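Worksheet for the structure shown next.
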Amino acid sequence: MKKIKEIVLVAGLVIFSGICFSGNVGAIRCPSDSVRSGDNVESLAECNVSKASTSGESETLRLAKDVINFLVPVAGLAALAAVVAAGYMITTSAGDAGKVKKGKTVMMWGIIGMVITLFAYAIVNFVLSNVF
């Protein structure tokens with residue numbers, strides 16, 4: 001029964017991380033009634049602007065997006081690994097209060113890491129889409 005709980009926990013966390021961290025900063029599709037219907041753009045504001053006027057993306061902005069698209073999943077996987085390790089610590093603690101406490105602490109920080117990663121992704125995506 002313990003093994004089944006561990007497998008279900010790990011599978012759930014893997015699915016959760018895949019859903020949360022599989023996005024891409026520049027993946028916005030224009031609605032069908034816009035000038036650029038169906039195109040992938042950086043922000044919805046570009047959907048009614050011709051392609052010629054939006055092609056001058058700076059190298060710095062492109063580099064920032066590439067770095068973010070690399071680091072967000074890495075940070076998410078690190079947080080997921082912490083949560084999985086914490087679950088393993090708690091499951092294998094055999095009633096030892098110290099190990100349970102340590103597992104709960106690691107799990108708390110892993111979840112905090114996931115939340116911080118999600119907020120950082122949202123903030124950076126907002127800034128890159130609306131400011132630049």
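For the structure tokens, the naming scheme is as follows: chains receive sequential letters (A, B, ...) according to their order of presentation, residues are indexed from 1 within each chain, and ligands are indexed from 1 in presentation order.
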I'd like the contact shell of stretch 101-117 of chain A - 8 Å cut-off, only C-alpha atoms, skipping same-chain residues fewer than 6 positions apart - returned as a list in words.
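Final neighbour list, sorted by chain and number: Val72, Ala75, Gly76, Ala79, Leu80, Ala81, Ala82, Val83, Val84, Ala85, Ala86, Gly87, Tyr88, Met89 and Ile90 of chain A.
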Shortest interatomic distance to A:Lys65 - which of A:Tyr121, A:Asn130, A:Lys3, A:Ala78, counting only C-alpha atoms
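Of the candidates, the smallest distance to A:Lys65 is held by A:Tyr121.
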As an exercise, work out the distance from atom CA of A:Val74 to atom CA of A:Ala120 in Å and give it to one decimal place.
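So the answer is 13.2 Å.
One finds atom CA of A:Lys99 at 28.6 Å from atom CA of A:Leu118.
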So that I can check the surroundings of stretch 59-61 of chain A, please list as number ranges by chain every protein, DNA and RNA residue that reaches within 9 Å of it, counting only C-alpha atoms and ignoring chain neighbours fewer than 3 positions away.
A: 64-66, 128, 132
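A straight line drawn from atom CA of A:Asn69 to atom CA of A:Val131 is 18.3 Å long.
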